[in-house]
file run_35.cif (mmCIF, C-alpha atoms)
data_query
#
loop_
_atom_site.group_PDB
_atom_site.id
_atom_site.type_symbol
_atom_site.label_atom_id
_atom_site.label_comp_id
_atom_site.auth_asym_id
_atom_site.auth_seq_id
_atom_site.Cartn_x
_atom_site.Cartn_y
_atom_site.Cartn_z
ATOM 1 C CA MET Y 6 -1.813 -19.015 -2.200
ATOM 2 C CA GLU Y 7 -4.578 -16.513 -2.943
ATOM 3 C CA THR Y 8 -4.020 -14.212 -5.905
ATOM 4 C CA ILE Y 9 -5.305 -10.852 -7.078
ATOM 5 C CA THR Y 10 -5.348 -10.071 -10.781
ATOM 6 C CA LEU Y 11 -5.122 -6.389 -11.638
ATOM 7 C CA ILE Y 12 -6.366 -5.158 -14.984
ATOM 8 C CA PRO Y 13 -4.847 -1.753 -15.826
ATOM 9 C CA GLU Y 14 -7.291 1.007 -16.722
ATOM 10 C CA ASP Y 15 -5.354 1.669 -19.937
ATOM 11 C CA GLY Y 16 -6.235 -1.798 -21.239
ATOM 12 C CA GLY Y 17 -2.772 -3.247 -20.642
ATOM 13 C CA CYS Y 18 -2.072 -6.868 -19.850
ATOM 14 C CA PRO Y 19 -3.489 -8.210 -16.573
ATOM 15 C CA VAL Y 20 -0.933 -8.631 -13.771
ATOM 16 C CA GLU Y 21 -1.236 -11.328 -11.118
ATOM 17 C CA PHE Y 22 -0.065 -10.747 -7.545
ATOM 18 C CA TYR Y 23 0.166 -13.206 -4.672
ATOM 19 C CA VAL Y 24 -1.518 -12.130 -1.435
ATOM 20 C CA LEU Y 25 0.820 -12.411 1.552
ATOM 21 C CA GLU Y 26 -1.486 -10.831 4.140
ATOM 22 C CA GLU Y 27 -4.559 -8.648 4.459
ATOM 23 C CA THR Y 28 -5.915 -6.323 7.114
ATOM 24 C CA THR Y 29 -8.620 -3.724 7.614
ATOM 25 C CA VAL Y 30 -7.857 -0.197 8.811
ATOM 26 C CA GLY Y 31 -10.444 2.555 9.101
ATOM 27 C CA GLY Y 32 -13.032 0.463 7.281
ATOM 28 C CA ARG Y 33 -10.778 -0.134 4.244
ATOM 29 C CA ASP Y 34 -9.187 -3.425 3.296
ATOM 30 C CA TYR Y 35 -5.446 -3.473 2.612
ATOM 31 C CA PHE Y 36 -3.507 -6.257 0.922
ATOM 32 C CA LEU Y 37 0.216 -6.947 1.048
ATOM 33 C CA VAL Y 38 0.986 -8.526 -2.324
ATOM 34 C CA THR Y 39 4.075 -9.733 -4.139
ATOM 35 C CA ASP Y 40 4.975 -10.626 -7.694
ATOM 36 C CA ALA Y 41 6.797 -13.835 -6.652
ATOM 37 C CA GLU Y 42 5.025 -16.912 -5.351
ATOM 38 C CA ASP Y 43 8.156 -18.072 -3.511
ATOM 39 C CA GLY Y 44 11.290 -16.308 -2.310
ATOM 40 C CA ASP Y 45 12.105 -12.638 -2.548
ATOM 41 C CA GLY Y 46 9.929 -10.472 -4.709
ATOM 42 C CA GLU Y 47 8.720 -6.949 -5.152
ATOM 43 C CA ALA Y 48 5.905 -6.124 -2.754
ATOM 44 C CA LEU Y 49 3.112 -3.578 -2.889
ATOM 45 C CA ILE Y 50 0.400 -2.544 -0.503
ATOM 46 C CA LEU Y 51 -2.959 -2.271 -2.220
ATOM 47 C CA LYS Y 52 -6.027 -0.528 -0.811
ATOM 48 C CA ASP Y 53 -9.483 -1.700 -1.860
ATOM 49 C CA MET Y 54 -11.455 1.425 -2.704
ATOM 50 C CA SER Y 55 -14.622 -0.395 -3.770
ATOM 51 C CA GLU Y 56 -17.803 -0.507 -1.764
ATOM 52 C CA LYS Y 57 -19.273 -3.763 -0.458
ATOM 53 C CA GLU Y 58 -22.057 -3.742 -3.043
ATOM 54 C CA ASP Y 59 -19.683 -3.238 -6.023
ATOM 55 C CA ALA Y 60 -19.382 -6.220 -8.379
ATOM 56 C CA GLU Y 61 -15.630 -5.721 -8.844
ATOM 57 C CA ALA Y 62 -12.905 -4.504 -6.533
ATOM 58 C CA LEU Y 63 -11.083 -1.260 -7.230
ATOM 59 C CA PHE Y 64 -7.505 -1.422 -5.976
ATOM 60 C CA VAL Y 65 -5.047 1.447 -5.719
ATOM 61 C CA VAL Y 66 -1.385 1.211 -4.780
ATOM 62 C CA VAL Y 67 -0.789 2.975 -1.462
ATOM 63 C CA SER Y 68 1.639 5.793 -2.223
ATOM 64 C CA ASP Y 69 1.042 8.319 0.568
ATOM 65 C CA ASP Y 70 4.147 8.040 2.774
ATOM 66 C CA ASN Y 71 2.275 8.324 6.092
ATOM 67 C CA GLU Y 72 -0.396 5.809 5.110
ATOM 68 C CA LEU Y 73 2.214 3.465 3.623
ATOM 69 C CA GLU Y 74 4.351 3.530 6.753
ATOM 70 C CA ALA Y 75 1.376 2.966 9.070
ATOM 71 C CA VAL Y 76 -0.009 0.030 7.108
ATOM 72 C CA ALA Y 77 3.478 -1.462 6.532
ATOM 73 C CA ASP Y 78 4.003 -1.423 10.317
ATOM 74 C CA ILE Y 79 0.759 -3.354 10.776
ATOM 75 C CA PHE Y 80 1.795 -5.943 8.187
ATOM 76 C CA ALA Y 81 5.257 -6.240 9.750
ATOM 77 C CA GLY Y 82 3.604 -7.051 13.081
ATOM 78 C CA LEU Y 83 1.289 -9.613 11.487
ATOM 79 C CA MET Y 84 4.123 -11.307 9.606
ATOM 80 C CA GLU Y 85 7.072 -11.566 11.935
ATOM 81 C CA ASP Y 86 9.032 -13.751 9.485
ATOM 82 C CA VAL Y 87 8.884 -11.161 6.670
ATOM 83 C CA SER Y 88 11.138 -8.145 6.290
ATOM 84 C CA LEU Y 89 9.634 -5.103 4.588
ATOM 85 C CA GLN Y 90 12.059 -2.580 3.131
ATOM 86 C CA LYS Y 91 11.247 0.576 1.243
ATOM 87 C CA ASP Y 92 12.765 0.648 -2.233
ATOM 88 C CA GLU Y 93 15.746 3.011 -2.314
ATOM 89 C CA LYS Y 94 14.432 4.762 -5.435
ATOM 90 C CA ASP Y 95 11.329 5.751 -3.429
ATOM 91 C CA ILE Y 96 13.352 7.569 -0.760
#
call {"tool": "encode", "arguments": {"input": "run_35.cif", "output": "C-alpha coordinates"}}
result
Amino acid sequence: METITLIPEDGGCPVEFYVLEETTVGGRDYFLVTDAEDGDGEALILKDMSEKEDAEALFVVVSDDNELEAVADIFAGLMEDVSLQKDEKDI
(Lines of atoms letter the chains of each structure in order from A and count residues from 1; the text may use other names and numbers.)
(Lines give C-alpha, C1' and ligand atoms only; values in the text may rest on other atoms or scores of the structure.)
Protein backbone atom coordinates (compact mmCIF):
# COMPACT_ATOMS: atom_id res chain seq x y z
CA MET A 1 0.00 0.00 0.00
CA GLU A 2 1.31 3.46 -0.90
CA THR A 3 2.22 5.72 2.00
CA ILE A 4 2.62 9.44 2.58
CA THR A 5 4.97 10.65 5.29
CA LEU A 6 4.11 14.03 6.76
CA ILE A 7 6.78 16.08 8.47
CA PRO A 8 5.22 18.70 10.77
CA GLU A 9 6.34 22.28 10.25
CA ASP A 10 7.19 22.55 13.95
CA GLY A 11 9.90 19.90 13.58
CA GLY A 12 7.89 17.15 15.27
CA CYS A 13 8.22 13.48 14.49
CA PRO A 14 7.25 12.38 10.97
CA VAL A 15 3.87 10.63 10.70
CA GLU A 16 3.16 7.95 8.11
CA PHE A 17 -0.28 7.55 6.54
CA TYR A 18 -1.56 4.85 4.22
CA VAL A 19 -3.21 6.06 1.01
CA LEU A 20 -6.64 4.50 0.49
CA GLU A 21 -7.63 6.51 -2.59
CA GLU A 22 -6.77 9.65 -4.51
CA THR A 23 -8.66 11.95 -6.84
CA THR A 24 -8.30 15.31 -8.55
CA VAL A 25 -10.89 18.07 -8.17
CA GLY A 26 -10.51 21.55 -9.62
CA GLY A 27 -6.89 20.89 -10.54
CA ARG A 28 -5.91 19.87 -6.99
CA ASP A 29 -5.02 16.37 -5.87
CA TYR A 30 -6.80 14.96 -2.83
CA PHE A 31 -5.78 11.88 -0.85
CA LEU A 32 -7.89 9.79 1.49
CA VAL A 33 -5.41 8.49 4.07
CA THR A 34 -5.58 6.42 7.23
CA ASP A 35 -3.30 5.72 10.15
CA ALA A 36 -3.98 1.95 10.06
CA GLU A 37 -2.71 -0.34 7.33
CA ASP A 38 -5.49 -2.85 7.98
CA GLY A 39 -8.89 -2.62 9.65
CA ASP A 40 -10.55 0.43 11.09
CA GLY A 41 -8.48 3.54 11.52
CA GLU A 42 -8.70 7.28 11.68
CA ALA A 43 -8.98 8.82 8.23
CA LEU A 44 -8.10 12.24 6.89
CA ILE A 45 -8.50 13.93 3.56
CA LEU A 46 -5.34 15.71 2.49
CA LYS A 47 -5.09 18.31 -0.27
CA ASP A 48 -1.82 18.73 -2.15
CA MET A 49 -1.16 22.46 -2.31
CA SER A 50 2.18 22.17 -4.11
CA GLU A 51 2.75 23.05 -7.73
CA LYS A 52 3.90 20.48 -10.29
CA GLU A 53 7.42 21.92 -10.40
CA ASP A 54 7.89 21.85 -6.59
CA ALA A 55 10.44 19.32 -5.32
CA GLU A 56 8.30 18.37 -2.31
CA ALA A 57 4.57 18.12 -1.80
CA LEU A 58 2.78 20.45 0.57
CA PHE A 59 -0.23 18.75 2.14
CA VAL A 60 -2.94 20.37 4.22
CA VAL A 61 -5.75 18.61 6.04
CA VAL A 62 -9.10 19.55 4.49
CA SER A 63 -11.06 21.27 7.24
CA ASP A 64 -13.58 23.45 5.38
CA ASP A 65 -16.92 21.69 5.93
CA ASN A 66 -18.23 22.25 2.38
CA GLU A 67 -15.00 21.12 0.73
CA LEU A 68 -14.69 18.16 3.11
CA GLU A 69 -18.22 16.98 2.42
CA ALA A 70 -17.84 17.33 -1.36
CA VAL A 71 -14.55 15.44 -1.52
CA ALA A 72 -15.73 12.80 1.00
CA ASP A 73 -18.74 12.14 -1.27
CA ILE A 74 -16.38 11.58 -4.21
CA PHE A 75 -14.25 9.16 -2.19
CA ALA A 76 -17.36 7.33 -0.95
CA GLY A 77 -18.41 6.80 -4.57
CA LEU A 78 -14.94 5.58 -5.56
CA MET A 79 -14.73 3.17 -2.62
CA GLU A 80 -18.08 1.48 -2.26
CA ASP A 81 -16.76 -0.95 0.37
CA VAL A 82 -15.62 1.83 2.74
CA SER A 83 -17.81 3.75 5.15
CA LEU A 84 -16.80 7.34 5.89
CA GLN A 85 -18.16 8.88 9.07
CA LYS A 86 -17.47 12.32 10.44
CA ASP A 87 -15.97 12.25 13.93
CA GLU A 88 -18.59 13.25 16.50
CA LYS A 89 -16.22 15.77 18.11
CA ASP A 90 -16.10 17.62 14.77
CA ILE A 91 -19.87 18.14 14.66
call {"tool": "residues_near_point", "arguments": {"input": "run_35.cif", "point": "(0.6, -14.7, -2.3)", "cutoff": "9 Å", "atoms": "all atoms listed in the file", "output": "JSON, numbers by chain"}}
result
{"Y": [6, 7, 8, 9, 22, 23, 24, 25, 26, 37, 38, 39, 40, 41, 42, 43]}
call {"tool": "resolve_selection", "arguments": {"input": "run_35.cif", "expression": "the PyMOL selection byres ((chain Y and resi 73-76) around 10)", "output": "ChimeraX atom specification"}}
result
/Y:28-30,35-37,49-52,66-72,77-82,91
call {"tool": "axis_aligned_box", "arguments": {"input": "run_35.cif", "around": "region 33-42 of chain Y", "padding_each_side": "4 Å", "output": "JSON"}}
result
{"center_x": -2.0, "center_y": -8.5, "center_z": -1.7, "size_x": 25.6, "size_y": 24.8, "size_z": 19.9}
call {"tool": "resolve_selection", "arguments": {"input": "run_35.cif", "expression": "the PyMOL selection byres ((chain Y and resi 64) around 9)", "output": "ChimeraX atom specification"}}
result
/Y:11,51-55,62-63,65-66
call {"tool": "atom_distance", "arguments": {"input": "run_35.cif", "atom1": "CA of Asp34 (chain Y)", "atom2": "CA of Thr10 (chain Y)"}}
result
16.0 Å
call {"tool": "atom_distance", "arguments": {"input": "run_35.cif", "atom1": "CA of Gly31 (chain Y)", "atom2": "CA of Glu61 (chain Y)"}}
result
20.4 Å
call {"tool": "atom_distance", "arguments": {"input": "run_35.cif", "atom1": "CA of Glu21 (chain Y)", "atom2": "CA of Ala48 (chain Y)"}}
result
12.2 Å
